[in-house]
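**Q** Input model28.cif, format and content: mmCIF, C-alpha atoms.
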```cif
data_data
loop_
_atom_site.label_atom_id
_atom_site.label_comp_id
_atom_site.auth_asym_id
_atom_site.auth_seq_id
_atom_site.Cartn_x
_atom_site.Cartn_y
_atom_site.Cartn_z
CA MET A 1 124.21 46.07 96.26
CA MET A 2 123.92 49.86 96.16
CA PRO A 3 120.69 51.38 97.53
CA ALA A 4 119.97 52.87 94.09
CA ALA A 5 120.02 49.39 92.55
CA ARG A 6 117.66 48.11 95.25
CA ASP A 7 115.32 51.01 94.53
CA SER A 8 115.50 50.23 90.81
CA LEU A 9 114.42 46.66 91.51
CA LEU A 10 111.58 47.85 93.73
CA ASP A 11 110.54 50.36 91.06
CA ALA A 12 110.49 47.58 88.50
CA ALA A 13 108.39 45.39 90.80
CA TYR A 14 105.97 48.25 91.46
CA THR A 15 105.59 48.92 87.73
CA ALA A 16 105.04 45.23 87.03
CA LEU A 17 102.37 45.08 89.75
CA ALA A 18 100.53 48.00 88.14
CA ARG A 19 100.25 45.94 84.95
CA ARG A 20 99.39 42.50 86.28
CA PRO A 21 98.43 40.68 89.49
CA TRP A 22 101.30 39.86 91.84
CA ALA A 23 100.97 36.17 91.01
CA GLY A 24 101.84 37.05 87.40
CA VAL A 25 104.90 39.14 88.25
CA ARG A 26 108.03 37.17 87.35
CA MET A 27 111.37 37.68 89.05
CA VAL A 28 113.21 37.35 85.76
CA ASP A 29 111.17 40.22 84.31
CA VAL A 30 111.76 42.43 87.34
CA ALA A 31 115.50 41.80 87.09
CA ALA A 32 115.54 42.50 83.35
CA VAL A 33 113.68 45.82 83.71
CA ALA A 34 116.08 46.88 86.48
CA GLY A 35 119.07 45.82 84.36
CA VAL A 36 120.49 43.24 86.77
CA SER A 37 120.74 39.47 86.80
CA ARG A 38 118.07 37.33 88.37
CA GLN A 39 120.71 36.04 90.79
CA THR A 40 121.39 39.60 91.93
CA LEU A 41 117.67 40.02 92.59
CA TYR A 42 117.60 36.85 94.68
CA ASN A 43 120.76 37.89 96.53
CA GLU A 44 119.08 41.13 97.53
CA PHE A 45 115.59 39.92 98.44
CA GLY A 46 115.97 36.18 98.95
CA SER A 47 112.72 35.23 97.25
CA LYS A 48 109.64 36.66 95.60
CA ASP A 49 108.04 36.85 99.05
CA GLY A 50 111.06 38.83 100.23
CA LEU A 51 110.65 41.19 97.28
CA ALA A 52 106.98 41.63 98.20
CA ARG A 53 107.85 42.43 101.82
CA ALA A 54 110.44 44.96 100.69
CA LEU A 55 107.99 46.61 98.30
CA LEU A 56 105.30 46.85 100.97
CA ARG A 57 107.80 48.25 103.49
CA ARG A 58 109.00 50.88 101.02
CA GLU A 59 105.49 52.05 100.17
CA THR A 60 104.54 52.19 103.86
CA ASP A 61 107.67 54.17 104.70
CA SER A 62 106.95 56.52 101.79
CA TYR A 63 103.45 57.12 103.16
CA LEU A 64 104.86 57.93 106.61
CA SER A 65 107.42 60.29 105.07
CA GLY A 66 104.53 62.05 103.36
CA VAL A 67 102.79 62.42 106.72
CA GLU A 68 105.92 64.12 108.06
CA ARG A 69 106.11 66.43 105.03
CA ALA A 70 102.45 67.37 105.45
CA LEU A 71 103.07 68.19 109.11
CA ALA A 72 106.13 70.29 108.25
CA GLU A 73 104.27 72.36 105.65
CA ALA A 74 101.47 73.47 107.96
CA ARG A 75 101.67 75.35 111.27
CA ASP A 76 98.19 75.68 112.73
CA PRO A 77 96.99 72.47 114.48
CA VAL A 78 93.83 72.32 112.36
CA ASP A 79 95.86 72.83 109.18
CA ARG A 80 98.22 70.05 110.24
CA LEU A 81 95.41 67.61 110.92
CA ALA A 82 93.74 68.54 107.63
CA ALA A 83 97.05 68.20 105.74
CA VAL A 84 97.60 64.71 107.12
CA GLY A 85 94.03 63.81 106.20
CA ALA A 86 94.47 65.13 102.66
CA TRP A 87 97.77 63.29 102.26
CA THR A 88 96.24 60.04 103.54
CA ILE A 89 93.34 60.26 101.11
CA GLY A 90 95.57 61.11 98.15
CA ALA A 91 98.20 58.49 98.96
CA ALA A 92 95.60 55.75 99.33
CA ARG A 93 93.83 56.74 96.12
CA GLY A 94 97.04 56.73 94.13
CA ASN A 95 98.71 53.62 95.53
CA ALA A 96 96.94 50.30 95.94
CA LEU A 97 99.62 49.03 98.34
CA VAL A 98 99.27 52.04 100.64
CA ARG A 99 95.49 51.68 100.52
CA ALA A 100 95.76 48.02 101.51
CA VAL A 101 98.18 48.71 104.38
CA LEU A 102 95.98 51.54 105.68
CA THR A 103 92.68 49.67 105.44
CA GLY A 104 93.70 46.04 105.80
CA CYS A 105 91.75 45.22 102.63
CA TRP A 106 93.97 43.09 100.39
CA SER A 107 92.82 42.07 96.93
CA GLU A 108 94.05 38.87 95.32
CA SER A 109 96.07 40.93 92.84
CA LEU A 110 98.33 42.33 95.57
CA PRO A 111 101.17 40.62 97.40
CA PRO A 112 99.89 39.50 100.80
CA PRO A 113 101.43 41.04 103.90
CA SER A 114 103.75 38.61 105.60
CA ARG A 115 106.63 38.61 108.01
CA THR A 116 109.40 36.25 108.90
CA THR A 117 110.09 35.53 112.55
CA ALA A 118 113.87 35.50 112.16
CA SER A 119 115.24 37.03 108.98
CA THR A 120 118.61 35.66 107.94
CA SER A 121 119.15 38.17 105.15
CA PRO A 122 122.64 39.72 105.06
CA VAL A 123 121.01 42.93 103.76
CA PRO A 124 119.96 45.28 106.63
CA ALA A 125 117.15 46.84 104.60
CA GLN A 126 115.79 43.38 103.86
CA ARG A 127 115.91 42.32 107.50
CA ARG A 128 113.75 45.35 108.29
CA ALA A 129 111.38 44.52 105.42
CA ASP A 130 111.17 40.90 106.54
CA ALA A 131 109.71 42.08 109.85
CA GLY A 132 106.61 42.99 107.83
CA VAL A 133 104.50 46.09 107.62
CA PRO A 134 102.42 47.45 110.49
CA SER A 135 98.80 46.45 110.80
CA PRO A 136 96.24 49.20 110.08
CA GLY A 137 95.91 49.86 113.82
CA GLU A 138 99.68 50.02 114.29
CA LEU A 139 100.04 52.34 111.30
CA LEU A 140 97.30 54.59 112.64
CA ALA A 141 99.18 54.79 115.93
CA LEU A 142 102.41 55.72 114.12
CA VAL A 143 100.63 58.53 112.28
CA ARG A 144 98.84 59.71 115.41
CA ASP A 145 102.08 59.82 117.39
CA ARG A 146 103.81 61.86 114.67
CA VAL A 147 100.96 64.36 114.61
CA VAL A 148 100.90 64.71 118.40
CA VAL A 149 104.65 65.36 118.49
CA ALA A 150 104.44 67.90 115.65
CA ILE A 151 101.56 69.80 117.25
CA GLY A 152 103.16 69.65 120.69
CA ALA A 153 100.06 69.64 122.86
CA PRO A 154 100.73 70.55 126.50
CA GLY A 155 100.45 67.81 129.10
CA GLU A 156 96.86 68.47 130.12
CA ARG A 157 95.78 68.60 126.47
CA ALA A 158 97.83 65.63 125.26
CA GLU A 159 95.05 63.06 125.68
CA GLU A 160 92.50 65.29 123.98
CA MET A 161 94.90 65.99 121.11
CA THR A 162 95.70 62.30 120.74
CA ARG A 163 91.99 61.56 120.30
CA ALA A 164 91.61 64.41 117.79
CA CYS A 165 94.60 63.15 115.77
CA GLU A 166 93.33 59.61 115.67
CA SER A 167 89.84 60.78 114.74
CA ALA A 168 91.19 62.94 111.89
CA VAL A 169 93.08 60.01 110.38
CA ARG A 170 90.10 57.68 110.81
CA LEU A 171 87.89 60.29 109.14
CA ALA A 172 90.30 60.50 106.22
CA LEU A 173 90.31 56.71 105.95
CA SER A 174 86.52 56.72 105.78
CA TYR A 175 86.82 58.69 102.53
CA VAL A 176 89.30 56.11 101.25
CA VAL A 177 86.88 53.25 101.89
CA ALA A 178 83.72 55.16 100.90
CA PRO A 179 84.71 57.99 98.53
CA ALA A 180 83.09 61.40 98.84
CA ALA A 181 80.26 62.34 96.50
CA LYS A 182 81.19 63.66 93.08
CA GLY A 183 82.31 67.27 93.31
CA GLU A 184 83.10 67.08 97.02
CA ASP A 185 86.69 67.55 98.14
CA PRO A 186 87.29 65.04 100.95
CA ALA A 187 90.27 67.03 102.21
CA GLU A 188 88.03 70.06 102.71
CA LEU A 189 85.40 67.90 104.39
CA VAL A 190 88.09 66.70 106.81
CA ARG A 191 89.21 70.30 107.37
CA GLY A 192 85.64 71.45 108.02
CA LEU A 193 85.04 68.81 110.68
CA VAL A 194 88.49 69.09 112.26
CA GLY A 195 88.10 72.86 112.45
CA ARG A 196 85.26 72.40 114.94
CA TRP A 197 87.40 70.41 117.36
CA PRO A 198 89.26 72.05 120.23
CA THR A 199 92.86 71.63 119.07
CA GLY A 200 94.49 74.84 120.29
#
```
As structure tokens - that is how I would like this structure written.
**A**
Amino acid sequence: MMPAARDSLLDAAYTALARRPWAGVRMVDVAAVAGVSRQTLYNEFGSKDGLARALLRRETDSYLSGVERALAEARDPVDRLAAVGAWTIGAARGNALVRAVLTGCWSESLPPPSRTTASTSPVPAQRRADAGVPSPGELLALVRDRVVVAIGAPGERAEEMTRACESAVRLALSYVVAPAAKGEDPAELVRGLVGRWPTG
């Protein structure tokens, strides 16, 4: 199957999930919206669980791509940390799957995170998806490592910068779990606190 067709199926699954709990999402409906046969859907993902794993993997990868874009758009270390914080808050607010992967809080309406120990899928993208998504701690480490590389802290500052990066992401996540007061911009709150840290 072409990658575009796989994306169309994942788009259809994402749209269906926005309208009803995962338990109510039917494979036949996902296939129909994407314009393919149900057999094609099963050939690509193996099962509904496989579709769920692929959807979760795509949304997680999309979040990480956004982290990289945020890092590329800013230059100053504080701006980079603040940009990643702002992206994390916005991505989690706008996408229930990203929020669940970041926080580890899964509602019954979402597909549960799962992994298979030995994927037998002939589709490389599905084998990767079948490995499951990172835990919140693993995802935090992936973000932290990307920020540290982008900022390029010298050897003696690397440990300090690593702590600052992790703290910035954890601070952003705190605004995901407990939203800021009305009228407060959580991204600016992150920037204000990060700006006091020694990141240069």
**Q** Given the file shown, enumerate the residues that the PyMOL selection byres ((chain A and resi 141-144) around 12) captures and present them as an mmCIF file with C-alpha atoms, in the coordinates of the input.
**A**
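Below is the file part36.cif, written as the result:
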```cif
data_model
loop_
_atom_site.group_PDB
_atom_site.id
_atom_site.type_symbol
_atom_site.label_atom_id
_atom_site.label_comp_id
_atom_site.auth_asym_id
_atom_site.auth_seq_id
_atom_site.Cartn_x
_atom_site.Cartn_y
_atom_site.Cartn_z
ATOM 1 C CA THR A 60 104.540 52.190 103.860
ATOM 2 C CA ASP A 61 107.670 54.170 104.700
ATOM 3 C CA TYR A 63 103.450 57.120 103.160
ATOM 4 C CA LEU A 64 104.860 57.930 106.610
ATOM 5 C CA SER A 65 107.420 60.290 105.070
ATOM 6 C CA GLY A 66 104.530 62.050 103.360
ATOM 7 C CA VAL A 67 102.790 62.420 106.720
ATOM 8 C CA GLU A 68 105.920 64.120 108.060
ATOM 9 C CA ALA A 70 102.450 67.370 105.450
ATOM 10 C CA LEU A 71 103.070 68.190 109.110
ATOM 11 C CA ARG A 80 98.220 70.050 110.240
ATOM 12 C CA LEU A 81 95.410 67.610 110.920
ATOM 13 C CA VAL A 84 97.600 64.710 107.120
ATOM 14 C CA GLY A 85 94.030 63.810 106.200
ATOM 15 C CA TRP A 87 97.770 63.290 102.260
ATOM 16 C CA THR A 88 96.240 60.040 103.540
ATOM 17 C CA LEU A 102 95.980 51.540 105.680
ATOM 18 C CA VAL A 133 104.500 46.090 107.620
ATOM 19 C CA PRO A 134 102.420 47.450 110.490
ATOM 20 C CA SER A 135 98.800 46.450 110.800
ATOM 21 C CA PRO A 136 96.240 49.200 110.080
ATOM 22 C CA GLY A 137 95.910 49.860 113.820
ATOM 23 C CA GLU A 138 99.680 50.020 114.290
ATOM 24 C CA LEU A 139 100.040 52.340 111.300
ATOM 25 C CA LEU A 140 97.300 54.590 112.640
ATOM 26 C CA ASP A 145 102.080 59.820 117.390
ATOM 27 C CA ARG A 146 103.810 61.860 114.670
ATOM 28 C CA VAL A 147 100.960 64.360 114.610
ATOM 29 C CA VAL A 148 100.900 64.710 118.400
ATOM 30 C CA VAL A 149 104.650 65.360 118.490
ATOM 31 C CA ALA A 150 104.440 67.900 115.650
ATOM 32 C CA ILE A 151 101.560 69.800 117.250
ATOM 33 C CA ALA A 158 97.830 65.630 125.260
ATOM 34 C CA GLU A 159 95.050 63.060 125.680
ATOM 35 C CA MET A 161 94.900 65.990 121.110
ATOM 36 C CA THR A 162 95.700 62.300 120.740
ATOM 37 C CA ARG A 163 91.990 61.560 120.300
ATOM 38 C CA ALA A 164 91.610 64.410 117.790
ATOM 39 C CA CYS A 165 94.600 63.150 115.770
ATOM 40 C CA GLU A 166 93.330 59.610 115.670
ATOM 41 C CA SER A 167 89.840 60.780 114.740
ATOM 42 C CA ALA A 168 91.190 62.940 111.890
ATOM 43 C CA VAL A 169 93.080 60.010 110.380
ATOM 44 C CA ARG A 170 90.100 57.680 110.810
#
```
**Q** Residues near range 111-116 of chain A, anyone? I mean within 6 Å using all atoms listed in the file, not counting same-chain ones fewer than 6 positions away, as a list in words.
**A**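 That gives Trp22, Ala52, Asp130, Ala131 and Gly132 of chain A.
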**Q** Any chance you could work out the residue set of the PyMOL selection byres ((chain A and resi 14) around 10) here, as a VMD selection string?
**A** chain A and resid 8 to 13 15 to 19 22 25 30 52 55 to 56 59 95 97
**Q** With C-alpha atoms retained, could you export that selection as a compact mmCIF listing (two decimals), keeping the file's coordinate frame?
**A**
```
# COMPACT_ATOMS: atom_id res chain seq x y z
CA SER A 8 115.50 50.23 90.81
CA LEU A 9 114.42 46.66 91.51
CA LEU A 10 111.58 47.85 93.73
CA ASP A 11 110.54 50.36 91.06
CA ALA A 12 110.49 47.58 88.50
CA ALA A 13 108.39 45.39 90.80
CA THR A 15 105.59 48.92 87.73
CA ALA A 16 105.04 45.23 87.03
CA LEU A 17 102.37 45.08 89.75
CA ALA A 18 100.53 48.00 88.14
CA ARG A 19 100.25 45.94 84.95
CA TRP A 22 101.30 39.86 91.84
CA VAL A 25 104.90 39.14 88.25
CA VAL A 30 111.76 42.43 87.34
CA ALA A 52 106.98 41.63 98.20
CA LEU A 55 107.99 46.61 98.30
CA LEU A 56 105.30 46.85 100.97
CA GLU A 59 105.49 52.05 100.17
CA ASN A 95 98.71 53.62 95.53
CA LEU A 97 99.62 49.03 98.34
```
**Q** For this structure, which residues satisfy the selection - the PyMOL selection byres ((chain A and resi 175) around 12) - when it is evaluated on the file as given? I want them as a CSV table (one decimal) with C-alpha atoms, keeping the file's coordinate frame.
**A**
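The resulting file, expr_3.csv, is reproduced below:
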```csv
chain,number,residue,atom,x,y,z
A,85,GLY,CA,94.0,63.8,106.2
A,86,ALA,CA,94.5,65.1,102.7
A,87,TRP,CA,97.8,63.3,102.3
A,88,THR,CA,96.2,60.0,103.5
A,89,ILE,CA,93.3,60.3,101.1
A,90,GLY,CA,95.6,61.1,98.2
A,91,ALA,CA,98.2,58.5,99.0
A,92,ALA,CA,95.6,55.8,99.3
A,93,ARG,CA,93.8,56.7,96.1
A,99,ARG,CA,95.5,51.7,100.5
A,103,THR,CA,92.7,49.7,105.4
A,168,ALA,CA,91.2,62.9,111.9
A,169,VAL,CA,93.1,60.0,110.4
A,170,ARG,CA,90.1,57.7,110.8
A,171,LEU,CA,87.9,60.3,109.1
A,172,ALA,CA,90.3,60.5,106.2
A,173,LEU,CA,90.3,56.7,106.0
A,174,SER,CA,86.5,56.7,105.8
A,176,VAL,CA,89.3,56.1,101.2
A,177,VAL,CA,86.9,53.2,101.9
A,178,ALA,CA,83.7,55.2,100.9
A,179,PRO,CA,84.7,58.0,98.5
A,180,ALA,CA,83.1,61.4,98.8
A,181,ALA,CA,80.3,62.3,96.5
A,184,GLU,CA,83.1,67.1,97.0
A,185,ASP,CA,86.7,67.6,98.1
A,186,PRO,CA,87.3,65.0,101.0
A,187,ALA,CA,90.3,67.0,102.2
A,188,GLU,CA,88.0,70.1,102.7
A,189,LEU,CA,85.4,67.9,104.4
A,190,VAL,CA,88.1,66.7,106.8
```
**Q** For the atom pair CA of Ser62 in chain A and CA of Val98 in chain A, what is the interatomic distance in Å to one decimal place?
**A**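 Result for CA of Ser62 in chain A versus CA of Val98 in chain A: 9.0 Å, one decimal.
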**Q** Just checking: using all atoms listed in the file, which residue out of A:Ala34, A:Met27, A:Pro77, A:Ser109 ends up closest to Ser47 in chain A?
**A**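 So, comparing all the options, the nearest one is A:Met27.
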**Q** State, in Å with one decimal place, the distance from CA of Gly24 in chain A to CA of Leu110 in chain A.
**A**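 Interatomic distance, CA of Gly24 in chain A to CA of Leu110 in chain A: 10.3 Å.
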**Q** Counting all atoms listed in the file, what is within 12 Å of Pro124 in chain A, bar same-chain residues fewer than 4 positions away, as a list in words?
**A**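 Returned residues: Met1, Pro3, Arg6, Glu44, Phe45, Ala54, Ser119, Thr120, Arg128, Ala129, Asp130 and Ala131 of chain A.
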